[in-house]
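Participant: Take a look at data-v9.cif, mmCIF, C-alpha atoms:
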data_query
loop_
_atom_site.label_atom_id
_atom_site.label_comp_id
_atom_site.auth_asym_id
_atom_site.auth_seq_id
_atom_site.Cartn_x
_atom_site.Cartn_y
_atom_site.Cartn_z
CA MET A 8 99.64 74.08 135.87
CA SER A 9 102.27 73.92 138.55
CA VAL A 10 104.24 76.92 139.71
CA ALA A 11 107.49 75.19 138.80
CA ARG A 12 106.30 74.67 135.24
CA ALA A 13 105.21 78.30 134.99
CA ILE A 14 108.58 79.51 136.22
CA LEU A 15 110.34 77.21 133.76
CA ILE A 16 108.32 78.42 130.75
CA TRP A 17 108.64 82.11 131.60
CA GLY A 18 112.33 81.62 132.42
CA ALA A 19 112.98 79.92 129.09
CA LEU A 20 111.17 82.72 127.24
CA GLY A 21 113.12 85.36 129.17
CA LEU A 22 116.39 83.62 128.35
CA ALA A 23 115.49 83.20 124.66
CA ILE A 24 114.99 86.97 124.45
CA ALA A 25 117.69 88.12 126.88
CA VAL A 26 120.59 86.22 125.29
CA PRO A 27 120.29 87.79 121.79
CA VAL A 28 119.69 91.23 123.35
CA VAL A 29 122.77 90.94 125.57
CA VAL A 30 124.87 89.70 122.63
CA ALA A 31 123.66 92.66 120.52
CA ALA A 32 124.33 95.07 123.40
CA THR A 33 127.95 93.91 123.61
CA SER A 34 128.59 93.81 119.85
CA PRO A 35 131.86 95.44 118.78
CA LEU A 36 129.99 97.01 115.85
CA LEU A 37 128.29 99.42 118.29
CA ALA A 38 131.56 101.27 118.82
CA TRP A 39 131.46 102.42 115.20
CA ARG A 40 127.81 103.47 115.06
CA GLN A 41 126.00 106.69 115.89
CA PRO A 42 123.29 106.56 118.60
CA VAL A 43 120.44 106.73 116.06
CA TYR A 44 121.82 103.73 114.12
CA ILE A 45 122.30 101.80 117.39
CA ALA A 46 118.74 102.58 118.48
CA SER A 47 117.28 101.48 115.16
CA GLY A 48 119.27 98.24 115.37
CA PHE A 49 117.91 97.54 118.82
CA ALA A 50 114.37 98.29 117.66
CA GLY A 51 114.91 95.53 115.08
CA VAL A 52 116.20 93.11 117.73
CA LEU A 53 113.22 93.92 119.97
CA ALA A 54 110.79 93.36 117.07
CA MET A 55 112.40 89.98 116.38
CA ALA A 56 111.98 89.00 120.04
CA LEU A 57 108.32 90.08 120.03
CA LEU A 58 107.74 87.83 117.01
CA LEU A 59 108.42 84.96 119.42
CA VAL A 60 106.06 86.31 122.10
CA GLN A 61 103.07 86.92 119.81
CA PRO A 62 102.38 83.30 118.72
CA LEU A 63 102.94 82.11 122.32
CA LEU A 64 100.16 84.49 123.43
CA ALA A 65 97.88 83.61 120.51
CA GLY A 66 98.27 79.89 121.21
CA GLU A 67 97.78 80.39 124.97
CA TYR A 68 101.05 78.68 125.80
CA LEU A 69 102.13 81.14 128.48
CA PRO A 70 101.13 80.38 132.10
CA GLY A 71 99.00 83.08 133.72
CA MET A 72 97.80 84.26 130.32
CA PRO A 73 94.33 82.81 129.86
CA VAL A 74 92.36 83.61 126.71
CA ARG A 75 91.03 87.07 127.52
CA ARG A 76 94.13 88.48 129.21
CA GLY A 77 96.34 86.78 126.63
CA ARG A 78 94.46 88.42 123.76
CA ARG A 79 94.70 91.85 125.39
CA VAL A 80 98.45 91.45 125.89
CA HIS A 81 98.74 90.15 122.29
CA LEU A 82 97.07 93.37 121.12
CA TRP A 83 99.42 95.57 123.14
CA ILE A 84 102.51 93.64 122.08
CA GLY A 85 101.26 94.03 118.50
CA ILE A 86 101.15 97.81 118.92
CA ILE A 87 104.67 97.81 120.41
CA LEU A 88 105.83 95.59 117.53
CA VAL A 89 104.51 98.03 114.91
CA ALA A 90 106.13 100.91 116.81
CA ALA A 91 109.46 99.02 116.97
CA VAL A 92 109.43 98.45 113.21
CA VAL A 93 108.62 102.13 112.59
CA VAL A 94 111.53 103.18 114.85
CA HIS A 95 113.77 100.60 113.10
CA VAL A 96 113.05 101.96 109.62
CA ALA A 97 113.00 105.64 110.69
CA GLY A 98 116.36 105.27 112.43
CA LEU A 99 117.90 103.64 109.38
CA TRP A 100 116.44 106.42 107.23
CA VAL A 101 118.15 109.04 109.40
CA THR A 102 121.41 107.08 109.23
CA SER A 103 121.44 106.56 105.46
CA PRO A 104 118.40 107.82 103.49
CA PRO A 105 119.40 106.44 100.07
CA ASP A 106 119.84 102.91 101.42
CA VAL A 107 116.36 102.96 102.97
CA ILE A 108 114.79 104.45 99.83
CA ASP A 109 116.42 101.67 97.78
CA ALA A 110 115.03 99.09 100.20
CA LEU A 111 111.49 100.52 100.17
CA LEU A 112 111.48 100.69 96.37
CA PHE A 113 112.90 97.15 96.09
CA THR A 114 115.94 98.44 94.18
CA SER A 115 118.46 97.61 96.90
CA PRO A 116 121.53 95.56 95.90
CA THR A 117 121.11 93.49 99.07
CA PRO A 118 118.29 90.91 99.12
CA PHE A 119 117.90 90.99 102.92
CA SER A 120 116.25 94.40 102.77
CA ALA A 121 113.50 93.24 100.39
CA TRP A 122 112.55 90.45 102.83
CA GLY A 123 112.41 93.04 105.61
CA VAL A 124 110.22 95.41 103.61
CA VAL A 125 107.80 92.61 102.65
CA ALA A 126 107.60 91.57 106.32
CA MET A 127 107.02 95.21 107.32
CA TRP A 128 104.05 95.68 104.97
CA ALA A 129 102.59 92.32 106.00
CA LEU A 130 102.90 93.41 109.65
CA PHE A 131 101.13 96.71 108.95
CA ALA A 132 98.39 94.82 107.10
CA ALA A 133 97.97 92.27 109.92
CA ALA A 134 97.77 95.08 112.49
CA SER A 135 95.36 97.11 110.33
CA LEU A 136 93.09 94.10 109.99
CA ALA A 137 93.07 93.75 113.78
CA LEU A 138 92.20 97.44 114.24
CA LEU A 139 89.55 97.31 111.54
CA ARG A 140 87.96 94.34 113.27
CA ARG A 141 87.46 96.39 116.44
CA ARG A 142 85.64 99.11 114.51
CA ARG A 143 83.33 97.03 112.36
CA PRO A 144 82.45 93.36 112.05
CA ILE A 145 84.66 91.37 109.70
CA ARG A 146 83.65 87.88 108.65
CA PRO A 147 85.44 85.38 110.91
CA ARG A 148 86.84 83.65 107.86
CA THR A 149 88.38 86.84 106.48
CA TRP A 150 89.79 87.80 109.87
CA ARG A 151 91.21 84.44 110.85
CA VAL A 152 92.62 83.38 107.50
CA GLY A 153 93.79 86.93 106.72
CA HIS A 154 95.56 87.57 110.03
CA SER A 155 97.14 84.10 110.03
CA ALA A 156 98.38 84.36 106.44
CA LEU A 157 99.79 87.84 107.00
CA VAL A 158 101.64 86.97 110.22
CA THR A 159 103.09 83.91 108.50
CA VAL A 160 104.61 86.27 105.92
CA VAL A 161 105.78 88.58 108.75
CA VAL A 162 107.62 85.82 110.63
CA ALA A 163 109.07 84.08 107.56
CA GLY A 164 110.16 87.36 105.98
CA SER A 165 111.68 88.65 109.21
CA VAL A 166 113.61 85.45 109.82
CA VAL A 167 115.19 85.52 106.35
CA HIS A 168 115.81 89.28 106.75
CA ALA A 169 117.58 88.78 110.09
CA MET A 170 119.61 85.73 109.05
CA LEU A 171 121.03 87.47 105.95
CA ILE A 172 122.27 90.47 107.95
CA ASP A 173 125.78 90.79 109.26
CA GLY A 174 124.73 92.85 112.25
CA THR A 175 124.95 93.23 116.00
CA MET A 176 123.10 90.01 116.91
CA GLY A 177 125.35 86.98 117.28
CA THR A 178 124.91 84.30 114.62
CA MET A 179 124.05 81.55 117.11
CA SER A 180 121.71 83.55 119.34
CA LYS A 181 120.03 85.04 116.27
CA ALA A 182 119.50 81.62 114.70
CA MET A 183 118.07 80.36 118.00
CA LEU A 184 115.62 83.26 118.33
CA CYS A 185 114.56 82.88 114.67
CA ALA A 186 114.06 79.11 115.04
CA LEU A 187 111.95 79.59 118.18
CA ALA A 188 109.81 82.29 116.55
CA LEU A 189 109.22 80.06 113.52
CA ALA A 190 108.43 77.01 115.65
CA ALA A 191 106.04 78.96 117.91
CA THR A 192 104.25 80.42 114.87
CA VAL A 193 103.84 77.03 113.19
CA LYS A 194 102.62 75.44 116.43
CA ALA A 195 100.09 78.21 117.06
CA LEU A 196 98.80 78.03 113.47
CA VAL A 197 98.44 74.25 113.70
CA ASP A 198 96.83 74.26 117.16
CA LEU A 199 94.40 77.02 116.23
CA ARG A 200 93.63 75.29 112.94
CA ALA A 201 94.11 78.62 111.24
CA TRP A 202 93.17 77.25 107.86
CA ALA A 203 89.99 75.44 109.00
CA LEU A 204 87.62 78.15 107.80
CA LEU A 205 89.44 78.33 104.50
CA ARG A 206 88.94 74.64 103.85
CA ARG A 207 85.29 74.55 104.86
CA ARG A 208 84.04 76.90 102.20
CA ALA A 209 86.76 76.71 99.59
CA MET B 8 116.47 49.42 60.00
CA ILE B 9 114.65 52.50 61.13
CA ARG B 10 112.40 54.04 58.59
CA LYS B 11 112.01 57.74 58.99
CA THR B 12 108.44 58.84 58.65
CA HIS B 13 107.18 62.35 58.55
CA ASN B 14 103.86 63.30 60.05
CA ARG B 15 102.28 66.51 61.20
CA ARG B 16 103.89 66.27 64.64
CA SER B 17 107.43 65.89 63.31
CA PHE B 18 106.95 68.88 61.05
CA LEU B 19 105.65 70.96 63.91
CA VAL B 20 108.59 69.96 66.12
CA ALA B 21 111.11 70.69 63.36
CA GLY B 22 109.44 74.00 62.63
CA ALA B 23 109.46 75.03 66.27
CA ALA B 24 113.13 74.06 66.61
CA THR B 25 114.06 76.14 63.57
CA ALA B 26 112.07 79.10 64.84
CA GLY B 27 113.77 78.73 68.23
CA ALA B 28 117.20 78.65 66.62
CA VAL B 29 116.43 81.71 64.52
CA LEU B 30 115.15 83.57 67.60
CA THR B 31 118.20 82.62 69.67
CA THR B 32 120.63 83.68 66.97
CA GLY B 33 118.72 86.86 66.35
CA ALA B 34 118.54 87.74 70.04
CA SER B 35 122.20 87.02 70.78
CA GLY B 36 123.13 88.98 67.68
CA LEU B 37 121.38 91.95 69.23
CA ILE B 38 122.92 91.60 72.68
CA VAL B 39 126.56 90.91 71.81
CA PRO B 40 128.05 93.79 69.86
CA ALA B 41 130.10 93.19 66.73
CA ARG B 42 133.36 93.79 68.63
CA ALA B 43 132.95 90.64 70.67
CA LYS B 44 136.58 90.35 71.76
CA GLU B 45 136.74 93.89 73.04
CA VAL B 46 136.53 94.79 76.73
CA PRO B 47 132.94 95.82 77.65
CA PRO B 48 132.40 98.86 79.91
CA THR B 49 131.62 98.36 83.59
CA ALA B 50 128.02 99.11 84.55
CA SER B 51 127.22 101.01 87.74
CA MET B 52 126.14 98.78 90.61
CA ARG B 53 122.80 99.15 92.38
CA GLY B 54 123.16 101.47 95.37
CA GLY B 55 126.65 102.40 94.22
CA SER B 56 126.05 106.15 94.45
CA ASN B 57 124.45 106.04 97.92
CA ASN B 58 125.82 108.76 100.20
CA TYR B 59 128.09 110.04 97.42
CA ILE B 60 129.56 113.48 98.10
CA PRO B 61 130.98 114.85 94.82
CA GLY B 62 134.44 116.35 94.79
CA ALA B 63 136.18 114.36 97.54
CA PRO B 64 139.75 115.69 97.93
CA ILE B 65 142.76 113.69 96.73
CA VAL B 66 144.40 112.42 99.92
CA GLU B 67 147.46 110.41 100.99
CA ARG B 68 145.07 108.22 102.96
CA ILE B 69 141.62 108.47 104.51
CA GLY B 70 141.84 108.88 108.30
CA GLY B 71 144.22 106.60 110.16
CA GLY B 72 144.36 103.89 107.49
CA GLY B 73 144.94 100.18 108.04
CA PHE B 74 142.71 98.96 105.20
CA TRP B 75 143.46 99.01 101.47
CA MET B 76 141.07 99.78 98.65
CA THR B 77 142.66 98.71 95.37
CA GLY B 78 141.66 98.33 91.75
CA THR B 79 142.29 99.10 88.11
CA VAL B 80 140.89 101.57 85.60
CA ARG B 81 140.88 100.65 81.92
CA GLN B 82 139.34 101.89 78.73
CA ALA B 83 136.46 100.04 77.11
CA GLY B 84 137.31 98.44 73.79
CA ASP B 85 141.08 97.94 73.80
CA GLY B 86 141.33 97.62 77.60
CA ALA B 87 144.21 100.11 77.75
CA PRO B 88 145.03 101.38 81.26
CA ILE B 89 143.91 104.93 82.04
CA LYS B 90 146.54 106.81 84.05
CA GLY B 91 146.13 109.83 86.30
CA THR B 92 142.39 109.46 86.60
CA ARG B 93 140.56 110.26 89.81
CA ILE B 94 138.71 107.56 91.75
CA GLN B 95 136.61 108.58 94.75
CA ILE B 96 136.20 106.19 97.66
CA TRP B 97 133.95 106.12 100.75
CA ALA B 98 132.57 103.57 103.21
CA HIS B 99 131.28 102.99 106.72
CA THR B 100 134.50 102.45 108.67
CA THR B 101 135.80 102.34 112.22
CA GLU B 102 136.17 106.12 111.93
CA GLY B 103 132.82 107.21 110.57
CA HIS B 104 129.55 106.65 108.76
CA GLU B 105 129.23 106.81 104.96
CA ARG B 106 127.57 110.22 105.20
CA ASP B 107 130.47 111.76 107.17
CA GLU B 108 132.74 113.85 104.97
CA ARG B 109 135.82 112.45 106.74
CA SER B 110 134.89 109.01 105.37
CA HIS B 111 135.45 110.24 101.81
CA GLY B 112 138.66 110.58 99.82
CA ALA B 113 140.08 110.25 96.32
CA THR B 114 143.23 108.97 94.64
CA LEU B 115 144.78 108.99 91.15
CA THR B 116 145.62 105.95 89.04
CA ASN B 117 149.22 105.03 88.23
CA ALA B 118 150.62 104.67 84.70
CA ASP B 119 149.46 101.04 84.60
CA GLY B 120 145.89 102.02 85.50
CA THR B 121 146.07 100.66 89.04
CA PHE B 122 145.13 102.58 92.16
CA ARG B 123 145.32 101.93 95.87
CA LEU B 124 144.22 104.09 98.77
CA GLU B 125 144.67 103.39 102.45
CA MET B 126 141.61 103.99 104.61
CA PRO B 127 140.19 102.93 107.98
CA GLN B 128 138.89 99.37 108.39
CA ILE B 129 135.49 98.92 106.71
CA VAL B 130 132.93 97.48 109.15
CA PRO B 131 129.53 95.89 108.48
CA ALA B 132 126.74 98.43 108.01
CA PHE B 133 123.37 98.10 106.33
CA GLY B 134 123.65 94.35 106.15
CA GLN B 135 127.13 93.67 104.91
CA ALA B 136 130.59 95.24 105.00
CA HIS B 137 130.93 97.07 101.68
CA GLY B 138 132.72 99.96 100.04
CA HIS B 139 131.80 102.58 97.48
CA LEU B 140 133.89 103.80 94.54
CA ALA B 141 133.12 106.39 91.91
CA TYR B 142 134.58 107.51 88.64
CA ASP B 143 132.91 110.89 88.09
CA SER B 144 135.41 113.16 86.35
CA GLY B 145 133.77 113.93 83.04
CA SER B 146 135.99 112.44 80.31
CA PHE B 147 134.29 109.07 80.53
CA ARG B 148 130.80 108.01 81.50
CA THR B 149 130.27 108.10 85.29
CA VAL B 150 130.44 104.72 87.06
CA PHE B 151 129.53 103.95 90.70
CA LEU B 152 130.63 100.63 92.25
CA ARG B 153 129.60 99.01 95.52
CA PRO B 154 131.76 95.91 96.12
CA VAL B 155 130.85 93.69 99.10
CA MET B 156 133.55 92.13 101.30
CA SER B 157 133.50 88.34 101.41
CA SER B 158 134.33 88.58 105.12
CA PRO B 159 134.10 91.54 107.51
CA ASN B 160 137.60 90.57 108.69
CA ASP B 161 139.17 91.29 105.29
CA THR B 162 141.68 94.14 105.34
CA SER B 163 141.42 94.98 101.66
CA LEU B 164 138.83 95.25 98.93
CA SER B 165 139.24 95.72 95.20
CA ALA B 166 137.12 96.98 92.34
CA ASP B 167 137.87 97.36 88.63
CA PHE B 168 136.56 100.00 86.26
CA VAL B 169 136.28 99.75 82.49
CA LEU B 170 135.20 103.18 81.27
CA GLU B 171 133.57 104.24 78.02
CA PRO B 172 133.71 107.75 76.55
CA ALA B 173 131.00 110.06 77.88
#
Could you rewrite the structure in this file as structure tokens?

Facilitator:
Amino acid sequence: MSVARAILIWGALGLAIAVPVVVAATSPLLAWRQPVYIASGFAGVLAMALLLVQPLLAGEYLPGMPVRRGRRVHLWIGIILVAAVVVHVAGLWVTSPPDVIDALLFTSPTPFSAWGVVAMWALFAAASLALLRRRRPIRPRTWRVGHSALVTVVVAGSVVHAMLIDGTMGTMSKAMLCALALAATVKALVDLRAWALLRRRA
Amino acid sequence: MIRKTHNRRSFLVAGAATAGAVLTTGASGLIVPARAKEVPPTASMRGGSNNYIPGAPIVERIGGGGFWMTGTVRQAGDGAPIKGTRIQIWAHTTEGHERDERSHGATLTNADGTFRLEMPQIVPAFGQAHGHLAYDSGSFRTVFLRPVMSSPNDTSLSADFVLEPA
């Protein structure tokens, strides 16, 4: 792979993440929010951006990230992603406890929160499965199909969650980031033939 | 000429249709009260009571103003306006979060049951720009409303209460 191509791919990824972050950082809504609320919002934006990085690492699309290094980075990004979601929810809890309790109990008046909560639990499950796999052997079929199915729910749920929110991310940059995350996830699932083991023994 | 024949299938279909009709009538009879033309009471909205601080003071306006919360308060049944009743209002605005006491205030309804209170501009928080209103004064059953603004650029929001005796 040429250096120019590598620069182009990393540059495009940097731009796809930087633009929504910069738009969120300059949102007028920030002026009317307390620091904790602002931080939890940014944790959400960061998590959304990492949802684009993860399938790119899993599918080995990033130059300089061959299989072994790519997997290690995927693991670390996964840990940061879980942490970002925890900060996101904890910050919202501090800002308005009843709204977060409503969301977690699926009694919120706003549908976006239910999508976010479903994505959150799917993320925790996908991460738990990955941790469990390091401790004890899990059948390849369970691991591969399970992790793939769970992250599909994570990405789809998060995209709907983000698109329904009237928040600090700009509509255009948010839609772009969501579309890229979805496309990268679908491509990785297709290229890795995530369902292959399911079909063989089903 | 079409000759009408009856067989087991046609009887079954007719029977099912009759049963369905009976069920529908029975069910709707249970749901709609006898006083069908009367004004039904307003139900509390999901999340309506979030960050409620009871006993907000009656104020000329909340903070610097610039945004109008309006609405009506009527009695269930005959729909008669309720005057002089206290409506409490709070929201996430340009001047504070929902939990801040300065974001809360109350007003009294006029003789025609209408109310309007000036408050700071409501801004999007927790997904959408929305306001909170409460009737919680004892004479009627407590109602919490949480209307959502159709656009965050709106400079007013309204909500109507129909109250039933406590």

Participant: Evaluate the PyMOL selection byres ((chain A) within 6 of (chain B)) on the structure here and hand back the selected residues as JSON, numbers by chain.

Facilitator: {"A": [39, 105, 116, 172, 173]}

Participant: Could you dump the residues just selected with C-alpha atoms as an mmCIF file, keeping the file's coordinate frame?

Facilitator:
data_model
loop_
_atom_site.group_PDB
_atom_site.id
_atom_site.type_symbol
_atom_site.label_atom_id
_atom_site.label_comp_id
_atom_site.auth_asym_id
_atom_site.auth_seq_id
_atom_site.Cartn_x
_atom_site.Cartn_y
_atom_site.Cartn_z
ATOM 1 C CA TRP A 39 131.460 102.420 115.200
ATOM 2 C CA PRO A 105 119.400 106.440 100.070
ATOM 3 C CA PRO A 116 121.530 95.560 95.900
ATOM 4 C CA ILE A 172 122.270 90.470 107.950
ATOM 5 C CA ASP A 173 125.780 90.790 109.260
#

Participant: What lies within 8 Å of Thr192 of chain A using all atoms listed in the file, ignoring chain neighbours under 5 positions off, as a list in words?

Facilitator: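 Here the qualifying residues turn out to be Leu59, Pro62, Leu63, Thr159 and Val162 of chain A.
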
Participant: Do you have the atom CA of Met183 of chain A-atom CA of Val158 of chain A distance handy?

Facilitator: 19.3 Å

Participant: So which residues fall inside 10 Å of (119.1, 88.9, 106.6) if we count only C-alpha atoms? Mind giving them as a ChimeraX atom specification?

Facilitator: /A:117-123,164-174 /B:134-135

Participant: Given the file above and the PyMOL selection byres ((chain B and resi 111) around 6), which residues are selected, and can you give them as a PDB file with C-alpha atoms, in the coordinates of the input?

Facilitator:
ATOM      1  CA  ALA B  63     136.180 114.360  97.540  1.00  0.00           C
ATOM      2  CA  ILE B  96     136.200 106.190  97.660  1.00  0.00           C
ATOM      3  CA  TRP B  97     133.950 106.120 100.750  1.00  0.00           C
ATOM      4  CA  GLU B 108     132.740 113.850 104.970  1.00  0.00           C
ATOM      5  CA  ARG B 109     135.820 112.450 106.740  1.00  0.00           C
ATOM      6  CA  SER B 110     134.890 109.010 105.370  1.00  0.00           C
ATOM      7  CA  GLY B 112     138.660 110.580  99.820  1.00  0.00           C
TER       8      GLY B 112
END

Participant: For the structure provided, state which residues fall under the PyMOL selection byres ((chain A and resi 85-87) around 10), and present them as a ChimeraX atom specification.

Facilitator: /A:53-54,57-58,60-61,79-84,88-93,130-131,133-134,137

Participant: Can you tell me, as a PyMOL selection string, which residues sit within 12 Å of (137.7, 113.5, 97.8) in the file's frame, using all atoms listed in the file?

Facilitator: chain B and resi 59-69+93-97+107-115+124+140-144

Participant: Let me make sure I understand: among B:Gly70, B:Trp75, B:Ser157, B:Thr121, which one has the smallest atom-to-atom distance to Ala87 of chain B if we use only C-alpha atoms?

Facilitator: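 Looking only at the distances to Ala87 of chain B, the closest residue turns out to be B:Thr121.
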
Participant: Quote the spacing between atom CA of Thr116 of chain B and atom CA of Gly86 of chain B in Å to one decimal place.

Facilitator: 14.8 Å

Participant: Atom CA of Val80 of chain B to atom CA of Phe168 of chain B: how many Å, to one decimal?

Facilitator: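 Computed distance, atom CA of Val80 of chain B to atom CA of Phe168 of chain B, equals 4.7 Å.
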
Participant: What box, with edges along x, y and z, holds each listed atom of segment 137-154 of chain A when 3 Å is added on every side, and can you state its centre and edge lengths in Å to one decimal, as lines of an AutoDock Vina configuration file?

Facilitator:
center_x = 89.0
center_y = 91.2
center_z = 111.5
size_x = 19.1
size_y = 21.7
size_z = 16.0

Participant: Write out as a list in words which residues come within 9 Å of Ala201 of chain A when counting all atoms listed in the file, dropping same-chain ones fewer than 5 positions away.

Facilitator: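 My reading of the contact set: Arg151, Val152, Ser155, Ala156, Ala195 and Leu196 of chain A.
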
Participant: List the neighbours of Val161 of chain A out to 8 Å using all atoms listed in the file; skip same-chain residues closer than 4 positions along the sequence, and give me the result as a PyMOL selection string.

Facilitator: chain A and resi 125-127+129-130+157+165

Participant: Please determine, counting all atoms listed in the file, which residue among B:Ile89, B:Met156, B:Leu170, B:Ala98 has the shortest atom-to-atom distance to Ala50 of chain B.

Facilitator: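 Checking each candidate against Ala50 of chain B, we get B:Leu170 as the closest.
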